[in-house]
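Engineer: Pasting a structure below so you can have a look.
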Amino acid sequence: MKSIGMIELNSIAKGILVTDYIGKTANVKILRSHSVCPGKYIVIFSGDVGAVEASKNAALNAGGHSVINSFVIANVHDTVIEAINGTLGDFPKEAIGVIEYFSISSAVQGADDAAKASDVSLVNVRLGFAIGGKSYITMTGKISAVEEAVKAGIKKAEDDGLVVDYCILPSPIDELYNSIL
């Protein structure tokens with residue numbers, strides 16, 4: 001079973017240390033390990049559920065008080081990892097949904113919830129680069145599917161006060177498809 005784990009820290013040095021612990025603890029693949037605005041550090045990794053859980057636990061111990069948030073998604077939707085890595089191919093030029101979050105981890109979890117809730121194509125998951133530590137996800141699909149996916153994608157984060165805003169464009173202009181990549 002493919003799973004994904006994430007650790008978000010408020011220390012760059014601890015983030016680098018935690019990445020080493022994650023990689024040495026279990027057989028996981030490091031998908032992302034780098035600093036993000038404003039001076040935070042994220043590590044995203046994948047593998048079998050047990051390996052990801054073990055690596056996350058080691059990271060929590062190593063990160064200590066520098067850990068802001070962490071999670072494991074045991075059965076991550078296939079397109080979430082592709083959207084994080086920017087390796088998605090073509091996507092339907094239909095309605096567009098955008099959800100903007102205050103935290104990076106909320107965006108990853110929201111992307112998984114949105115993709116699982118409805119038949120949409122995740123276009124990207126932007127993780128806090130040059131946008132003040134905020135993150136956002138974009139998706140396309142039939143208007144009803146996008147509406148359902150956006151609703152699912154904001155549910156958890158909205159309860160925690162971590163949704164900045166969201167929008168649904170039923171029939172966007174053609175130029176937007178190029179700009180959301």
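By convention here, the chains of the structure tokens are called A, B, ... in the order presented, each chain's residues are numbered starting at 1, and ligands are numbered starting at 1 in the order presented.
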Determine which residues of range 5-181 of chain A DSSP labels as strand (DSSP E) from the backbone of this structure, then write them out as a PyMOL selection string.
Structural biologist: chain A and resi 5-9+29-36+40-47+67-73+95-101+121-127+135-141+163-169
Engineer: For Asp20 in chain A, please output as a VMD selection string all residues within 9 Å (counting only C-alpha atoms; exclusion window: fewer than 5 positions along the same chain).
Structural biologist: chain A and resid 15 25 59
Engineer: Would you mind exporting C-alpha atoms of the selected residues as a compact mmCIF listing (two decimals), in the first residue's frame?
Structural biologist:
# COMPACT_ATOMS: atom_id res chain seq x y z
CA GLY A 15 14.67 19.72 9.10
CA THR A 25 14.95 4.51 9.84
CA ALA A 59 11.44 12.24 12.84
Engineer: Provide the CA of Ser171 in chain A to CA of Ala114 in chain A distance in Å, to one decimal place.
Structural biologist: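 Interatomic distance, CA of Ser171 in chain A to CA of Ala114 in chain A: 19.6 Å.
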Engineer: For Gly128 in chain A, work out the shell of residues within 12 Å, counting only C-alpha atoms and skipping chain neighbours fewer than 4 positions away, then give it as a PyMOL selection string.
Structural biologist: chain A and resi 8+34-42+84+100-108+132-137
Engineer: From the options A:Ile81, A:Ile22, A:Val146, A:Ala157, which residue's atoms come nearest to Ala51 in chain A, counting only C-alpha atoms?
Structural biologist: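 So, comparing all the options, the nearest one is A:Ile22.
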